[in-house]
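Data block for input.cif (mmCIF, C-alpha atoms):
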data_target
#
loop_
_atom_site.group_PDB
_atom_site.id
_atom_site.type_symbol
_atom_site.label_atom_id
_atom_site.label_comp_id
_atom_site.auth_asym_id
_atom_site.auth_seq_id
_atom_site.Cartn_x
_atom_site.Cartn_y
_atom_site.Cartn_z
ATOM 1 C CA MET K 614 37.157 14.353 13.225
ATOM 2 C CA LYS K 615 34.856 14.676 16.213
ATOM 3 C CA PRO K 616 33.179 17.946 15.038
ATOM 4 C CA ALA K 617 32.179 16.283 11.745
ATOM 5 C CA ALA K 618 30.536 13.322 13.484
ATOM 6 C CA PRO K 619 27.357 15.196 14.552
ATOM 7 C CA ALA K 620 26.949 16.654 11.061
ATOM 8 C CA LEU K 621 27.369 13.205 9.542
ATOM 9 C CA LEU K 622 24.815 11.749 11.950
ATOM 10 C CA LEU K 623 22.350 14.509 11.087
ATOM 11 C CA ALA K 624 22.849 13.913 7.365
ATOM 12 C CA LEU K 625 22.347 10.163 7.780
ATOM 13 C CA ALA K 626 19.233 10.744 9.878
ATOM 14 C CA ALA K 627 17.800 13.051 7.201
ATOM 15 C CA VAL K 628 18.442 10.470 4.489
ATOM 16 C CA ALA K 629 16.877 7.717 6.591
ATOM 17 C CA ALA K 630 13.839 9.864 7.380
ATOM 18 C CA SER K 631 13.273 10.751 3.735
ATOM 19 C CA GLY K 632 13.528 7.069 2.796
ATOM 20 C CA ALA K 633 10.998 6.133 5.444
ATOM 21 C CA ALA K 634 8.577 8.786 4.251
ATOM 22 C CA ARG K 635 9.080 7.710 0.645
ATOM 23 C CA ALA K 636 8.326 4.048 1.490
ATOM 24 C CA GLU K 637 4.644 4.908 1.794
ATOM 25 C CA GLY K 638 4.448 6.507 -1.635
ATOM 26 C CA ASP K 639 3.377 9.972 -2.686
ATOM 27 C CA PRO K 640 -0.396 10.291 -3.208
ATOM 28 C CA ALA K 641 -0.066 13.526 -5.240
ATOM 29 C CA SER K 642 2.350 11.875 -7.651
ATOM 30 C CA GLY K 643 0.106 8.796 -7.640
ATOM 31 C CA GLU K 644 -2.885 10.888 -8.665
ATOM 32 C CA ARG K 645 -0.975 12.316 -11.637
ATOM 33 C CA LEU K 646 0.202 8.851 -12.643
ATOM 34 C CA PHE K 647 -3.293 7.406 -12.240
ATOM 35 C CA MET K 648 -4.809 10.098 -14.454
ATOM 36 C CA ARG K 649 -2.164 9.546 -17.148
ATOM 37 C CA ARG K 650 -1.914 5.760 -17.060
ATOM 38 C CA CYS K 651 -4.967 4.224 -15.402
ATOM 39 C CA ALA K 652 -7.990 6.499 -15.815
ATOM 40 C CA ILE K 653 -8.413 5.547 -19.464
ATOM 41 C CA CYS K 654 -9.566 2.096 -18.291
ATOM 42 C CA HIS K 655 -10.610 2.634 -14.652
ATOM 43 C CA SER K 656 -12.941 5.157 -13.052
ATOM 44 C CA LEU K 657 -12.787 6.004 -9.375
ATOM 45 C CA VAL K 658 -16.544 5.948 -8.817
ATOM 46 C CA ALA K 659 -19.022 3.151 -9.384
ATOM 47 C CA THR K 660 -21.398 5.303 -11.425
ATOM 48 C CA GLU K 661 -18.742 6.042 -14.086
ATOM 49 C CA LYS K 662 -18.375 2.787 -15.957
ATOM 50 C CA ARG K 663 -15.536 1.969 -18.335
ATOM 51 C CA PRO K 664 -15.837 -1.030 -20.693
ATOM 52 C CA THR K 665 -12.160 -1.959 -20.326
ATOM 53 C CA GLY K 666 -11.632 -1.969 -16.562
ATOM 54 C CA PRO K 667 -13.654 -2.129 -13.364
ATOM 55 C CA HIS K 668 -14.264 0.950 -11.241
ATOM 56 C CA LEU K 669 -11.923 1.348 -8.291
ATOM 57 C CA GLU K 670 -14.310 2.935 -5.787
ATOM 58 C CA LYS K 671 -13.751 1.398 -2.354
ATOM 59 C CA LEU K 672 -11.062 -0.851 -3.809
ATOM 60 C CA ILE K 673 -9.004 -1.371 -0.638
ATOM 61 C CA GLY K 674 -10.467 -4.318 1.252
ATOM 62 C CA ARG K 675 -12.602 -5.481 -1.676
ATOM 63 C CA ARG K 676 -12.333 -8.992 -3.017
ATOM 64 C CA ALA K 677 -11.058 -9.130 -6.611
ATOM 65 C CA GLY K 678 -13.505 -9.953 -9.370
ATOM 66 C CA THR K 679 -16.654 -9.165 -7.412
ATOM 67 C CA ILE K 680 -18.202 -6.058 -8.989
ATOM 68 C CA ASP K 681 -21.637 -6.880 -10.367
ATOM 69 C CA GLY K 682 -21.982 -6.080 -14.046
ATOM 70 C CA PHE K 683 -18.292 -6.113 -14.968
ATOM 71 C CA ALA K 684 -16.975 -8.955 -17.136
ATOM 72 C CA PHE K 685 -13.946 -10.096 -15.128
ATOM 73 C CA SER K 686 -11.757 -12.839 -16.501
ATOM 74 C CA PRO K 687 -12.433 -16.260 -14.966
ATOM 75 C CA ALA K 688 -8.901 -16.101 -13.525
ATOM 76 C CA MET K 689 -9.624 -12.847 -11.679
ATOM 77 C CA ARG K 690 -12.945 -14.104 -10.351
ATOM 78 C CA ALA K 691 -11.222 -17.236 -9.033
ATOM 79 C CA SER K 692 -8.092 -15.484 -7.721
ATOM 80 C CA GLY K 693 -9.213 -15.165 -4.109
ATOM 81 C CA ILE K 694 -7.338 -11.851 -3.822
ATOM 82 C CA THR K 695 -8.453 -9.167 -1.399
ATOM 83 C CA TRP K 696 -7.053 -5.803 -2.452
ATOM 84 C CA THR K 697 -4.608 -4.283 0.013
ATOM 85 C CA GLY K 698 -1.687 -1.967 -0.622
ATOM 86 C CA LYS K 699 0.600 -4.993 -0.820
ATOM 87 C CA THR K 700 -1.569 -7.043 -3.190
ATOM 88 C CA LEU K 701 -2.105 -4.010 -5.431
ATOM 89 C CA GLU K 702 1.629 -3.374 -5.688
ATOM 90 C CA GLU K 703 2.259 -7.047 -6.488
ATOM 91 C CA TYR K 704 -0.469 -7.086 -9.122
ATOM 92 C CA LEU K 705 0.643 -3.833 -10.730
ATOM 93 C CA ALA K 706 4.213 -5.167 -10.896
ATOM 94 C CA ALA K 707 3.245 -8.237 -12.944
ATOM 95 C CA PRO K 708 -0.490 -8.808 -13.464
ATOM 96 C CA ALA K 709 -0.150 -12.019 -15.491
ATOM 97 C CA LYS K 710 2.330 -13.470 -13.014
ATOM 98 C CA MET K 711 0.063 -12.849 -10.032
ATOM 99 C CA VAL K 712 -3.146 -13.838 -11.836
ATOM 100 C CA PRO K 713 -2.343 -16.030 -14.837
ATOM 101 C CA GLY K 714 -5.171 -15.515 -17.310
ATOM 102 C CA THR K 715 -6.002 -11.966 -16.213
ATOM 103 C CA SER K 716 -7.201 -9.637 -18.940
ATOM 104 C CA LYS K 717 -5.068 -6.714 -17.661
ATOM 105 C CA PRO K 718 -2.672 -6.067 -20.532
ATOM 106 C CA ALA K 719 0.308 -4.561 -18.692
ATOM 107 C CA GLY K 720 1.638 -3.604 -15.318
ATOM 108 C CA VAL K 721 3.531 -0.624 -13.977
ATOM 109 C CA PRO K 722 7.246 -1.385 -14.339
ATOM 110 C CA GLN K 723 8.688 1.203 -11.917
ATOM 111 C CA ALA K 724 8.365 0.373 -8.199
ATOM 112 C CA ILE K 725 8.229 4.055 -7.233
ATOM 113 C CA ASP K 726 5.298 4.595 -9.630
ATOM 114 C CA ARG K 727 3.442 1.590 -8.182
ATOM 115 C CA GLU K 728 4.000 2.884 -4.641
ATOM 116 C CA ASP K 729 2.658 6.304 -5.601
ATOM 117 C CA ILE K 730 -0.412 4.927 -7.392
ATOM 118 C CA VAL K 731 -1.220 2.668 -4.438
ATOM 119 C CA ALA K 732 -0.719 5.571 -2.011
ATOM 120 C CA TYR K 733 -3.191 7.596 -4.069
ATOM 121 C CA LEU K 734 -5.772 4.802 -4.154
ATOM 122 C CA LYS K 735 -5.376 4.280 -0.402
ATOM 123 C CA SER K 736 -5.953 8.004 0.169
ATOM 124 C CA LEU K 737 -9.407 7.901 -1.443
ATOM 125 C CA PRO K 738 -12.563 7.626 0.703
ATOM 126 C CA ARG K 739 -13.509 4.077 1.569
#
Using structure tokens, write down the structure that the file contains.
Amino acid sequence: MKPAAPALLLALAAVAASGAARAEGDPASGERLFMRRCAICHSLVATEKRPTGPHLEKLIGRRAGTIDGFAFSPAMRASGITWTGKTLEEYLAAPAKMVPGTSKPAGVPQAIDREDIVAYLKSLPR
């Protein structure tokens, strides 16, 4: 049994390390998900406006509902949220639960997808 113990420890360490790396999300996967699911409503630069969603340029650290010229719901303007990785993941999980009265129609049901999208948004220039 003793010879198997080091191999088992190495296997457990590899699993733990991959889980730790995964906890931060995968920006490349997040980019693909963003382009498929989010880009229809949200641009990544302020100069590319979309009528259905605000731009997400310099999103991290920005207060919700504060982009001039975009018609945010009263609930979003009054939410008091500052966008961080954590608040984005919470919002994407259940927009109407976090901000009752938001105009965002749906969230992102899979936690892994939310983590990846947030990792992608965090990887963008601020």
- Task: Report as a count of residues only the residues that result from applying the PyMOL selection byres ((chain K and resi 669) around 12) to the structure here.
- Result: 37
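Taking atom CA of Met648 of chain K and atom CA of Arg690 of chain K as the two end points, the separation is 25.9 Å.
With atom CA of Tyr704 of chain K on one side and atom CA of Pro722 of chain K on the other, the separation reads 10.9 Å.
Once the PyMOL selection byres ((chain K and resi 729) around 10) is applied to the depicted file, the selected set reads Arg635, Ala636, Glu637, Gly638, Asp639, Pro640, Ala641, Ser642, Gly643, Glu644, Arg645, Leu646, Phe647, Glu702, Ala724, Ile725, Asp726, Arg727, Glu728, Ile730, Val731, Ala732, Tyr733, Leu734 and Lys735 of chain K.
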Supply segment 720-731 of chain K as a PDB file, in the coordinates of the input, with all heavy atoms built in where the input has gaps.
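Final output, saved to rebuild-v9.pdb:
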ATOM      1  N   GLY K 720       1.478  -4.118 -16.665  1.00  0.00           N
ATOM      2  CA  GLY K 720       1.638  -3.604 -15.318  1.00  0.00           C
ATOM      3  C   GLY K 720       2.305  -2.245 -15.321  1.00  0.00           C
ATOM      4  O   GLY K 720       2.359  -1.554 -16.336  1.00  0.00           O
ATOM      5  N   VAL K 721       2.809  -1.883 -14.168  1.00  0.00           N
ATOM      6  CA  VAL K 721       3.531  -0.624 -13.977  1.00  0.00           C
ATOM      7  C   VAL K 721       4.961  -1.021 -13.619  1.00  0.00           C
ATOM      8  O   VAL K 721       5.204  -1.508 -12.515  1.00  0.00           O
ATOM      9  CB  VAL K 721       2.876   0.213 -12.851  1.00  0.00           C
ATOM     10  CG1 VAL K 721       3.651   1.493 -12.606  1.00  0.00           C
ATOM     11  CG2 VAL K 721       1.414   0.499 -13.182  1.00  0.00           C
ATOM     12  N   PRO K 722       5.901  -0.837 -14.546  1.00  0.00           N
ATOM     13  CA  PRO K 722       7.246  -1.385 -14.339  1.00  0.00           C
ATOM     14  C   PRO K 722       8.050  -0.758 -13.200  1.00  0.00           C
ATOM     15  O   PRO K 722       8.835  -1.448 -12.552  1.00  0.00           O
ATOM     16  CB  PRO K 722       7.944  -1.176 -15.682  1.00  0.00           C
ATOM     17  CG  PRO K 722       7.121  -0.201 -16.433  1.00  0.00           C
ATOM     18  CD  PRO K 722       5.746  -0.227 -15.853  1.00  0.00           C
ATOM     19  N   GLN K 723       7.872   0.529 -12.929  1.00  0.00           N
ATOM     20  CA  GLN K 723       8.688   1.203 -11.917  1.00  0.00           C
ATOM     21  C   GLN K 723       8.075   1.063 -10.525  1.00  0.00           C
ATOM     22  O   GLN K 723       6.922   1.444 -10.306  1.00  0.00           O
ATOM     23  CB  GLN K 723       8.826   2.689 -12.259  1.00  0.00           C
ATOM     24  CG  GLN K 723       9.528   2.953 -13.578  1.00  0.00           C
ATOM     25  CD  GLN K 723      10.978   2.494 -13.547  1.00  0.00           C
ATOM     26  OE1 GLN K 723      11.670   2.633 -12.542  1.00  0.00           O
ATOM     27  NE2 GLN K 723      11.426   1.928 -14.638  1.00  0.00           N
ATOM     28  N   ALA K 724       8.850   0.563  -9.567  1.00  0.00           N
ATOM     29  CA  ALA K 724       8.365   0.373  -8.199  1.00  0.00           C
ATOM     30  C   ALA K 724       7.881   1.685  -7.586  1.00  0.00           C
ATOM     31  O   ALA K 724       6.852   1.718  -6.911  1.00  0.00           O
ATOM     32  CB  ALA K 724       9.460  -0.241  -7.329  1.00  0.00           C
ATOM     33  N   ILE K 725       8.609   2.766  -7.814  1.00  0.00           N
ATOM     34  CA  ILE K 725       8.229   4.055  -7.233  1.00  0.00           C
ATOM     35  C   ILE K 725       6.855   4.507  -7.772  1.00  0.00           C
ATOM     36  O   ILE K 725       6.039   5.058  -7.038  1.00  0.00           O
ATOM     37  CB  ILE K 725       9.316   5.125  -7.460  1.00  0.00           C
ATOM     38  CG1 ILE K 725       9.055   6.333  -6.574  1.00  0.00           C
ATOM     39  CG2 ILE K 725       9.411   5.520  -8.921  1.00  0.00           C
ATOM     40  CD1 ILE K 725      10.242   7.276  -6.499  1.00  0.00           C
ATOM     41  N   ASP K 726       6.596   4.242  -9.052  1.00  0.00           N
ATOM     42  CA  ASP K 726       5.298   4.595  -9.630  1.00  0.00           C
ATOM     43  C   ASP K 726       4.180   3.747  -9.015  1.00  0.00           C
ATOM     44  O   ASP K 726       3.101   4.255  -8.706  1.00  0.00           O
ATOM     45  CB  ASP K 726       5.304   4.413 -11.150  1.00  0.00           C
ATOM     46  CG  ASP K 726       6.198   5.423 -11.859  1.00  0.00           C
ATOM     47  OD1 ASP K 726       6.628   6.415 -11.229  1.00  0.00           O
ATOM     48  OD2 ASP K 726       6.459   5.216 -13.061  1.00  0.00           O
ATOM     49  N   ARG K 727       4.440   2.465  -8.828  1.00  0.00           N
ATOM     50  CA  ARG K 727       3.442   1.590  -8.182  1.00  0.00           C
ATOM     51  C   ARG K 727       3.143   2.063  -6.763  1.00  0.00           C
ATOM     52  O   ARG K 727       1.987   2.139  -6.351  1.00  0.00           O
ATOM     53  CB  ARG K 727       3.939   0.146  -8.149  1.00  0.00           C
ATOM     54  CG  ARG K 727       4.001  -0.514  -9.497  1.00  0.00           C
ATOM     55  CD  ARG K 727       4.245  -2.004  -9.389  1.00  0.00           C
ATOM     56  NE  ARG K 727       5.440  -2.383  -8.652  1.00  0.00           N
ATOM     57  CZ  ARG K 727       6.640  -2.543  -9.207  1.00  0.00           C
ATOM     58  NH1 ARG K 727       6.818  -2.335 -10.499  1.00  0.00           N
ATOM     59  NH2 ARG K 727       7.661  -2.918  -8.468  1.00  0.00           N
ATOM     60  N   GLU K 728       4.187   2.397  -6.014  1.00  0.00           N
ATOM     61  CA  GLU K 728       4.000   2.884  -4.641  1.00  0.00           C
ATOM     62  C   GLU K 728       3.148   4.144  -4.621  1.00  0.00           C
ATOM     63  O   GLU K 728       2.273   4.292  -3.768  1.00  0.00           O
ATOM     64  CB  GLU K 728       5.354   3.169  -3.992  1.00  0.00           C
ATOM     65  CG  GLU K 728       6.180   1.941  -3.719  1.00  0.00           C
ATOM     66  CD  GLU K 728       7.621   2.273  -3.353  1.00  0.00           C
ATOM     67  OE1 GLU K 728       7.965   3.465  -3.202  1.00  0.00           O
ATOM     68  OE2 GLU K 728       8.417   1.321  -3.229  1.00  0.00           O
ATOM     69  N   ASP K 729       3.407   5.049  -5.558  1.00  0.00           N
ATOM     70  CA  ASP K 729       2.658   6.304  -5.601  1.00  0.00           C
ATOM     71  C   ASP K 729       1.197   6.067  -5.992  1.00  0.00           C
ATOM     72  O   ASP K 729       0.287   6.646  -5.393  1.00  0.00           O
ATOM     73  CB  ASP K 729       3.321   7.288  -6.564  1.00  0.00           C
ATOM     74  CG  ASP K 729       4.658   7.818  -6.046  1.00  0.00           C
ATOM     75  OD1 ASP K 729       5.006   7.543  -4.873  1.00  0.00           O
ATOM     76  OD2 ASP K 729       5.357   8.496  -6.822  1.00  0.00           O
ATOM     77  N   ILE K 730       0.964   5.228  -6.981  1.00  0.00           N
ATOM     78  CA  ILE K 730      -0.412   4.927  -7.392  1.00  0.00           C
ATOM     79  C   ILE K 730      -1.175   4.282  -6.245  1.00  0.00           C
ATOM     80  O   ILE K 730      -2.320   4.646  -5.958  1.00  0.00           O
ATOM     81  CB  ILE K 730      -0.436   4.045  -8.656  1.00  0.00           C
ATOM     82  CG1 ILE K 730       0.061   4.846  -9.863  1.00  0.00           C
ATOM     83  CG2 ILE K 730      -1.839   3.491  -8.916  1.00  0.00           C
ATOM     84  CD1 ILE K 730       0.363   4.003 -11.099  1.00  0.00           C
ATOM     85  N   VAL K 731      -0.564   3.331  -5.573  1.00  0.00           N
ATOM     86  CA  VAL K 731      -1.220   2.668  -4.438  1.00  0.00           C
ATOM     87  C   VAL K 731      -1.465   3.668  -3.314  1.00  0.00           C
ATOM     88  O   VAL K 731      -2.541   3.665  -2.706  1.00  0.00           O
ATOM     89  CB  VAL K 731      -0.402   1.448  -3.961  1.00  0.00           C
ATOM     90  CG1 VAL K 731      -0.937   0.911  -2.642  1.00  0.00           C
ATOM     91  CG2 VAL K 731      -0.431   0.360  -5.035  1.00  0.00           C
TER      92      VAL K 731
END
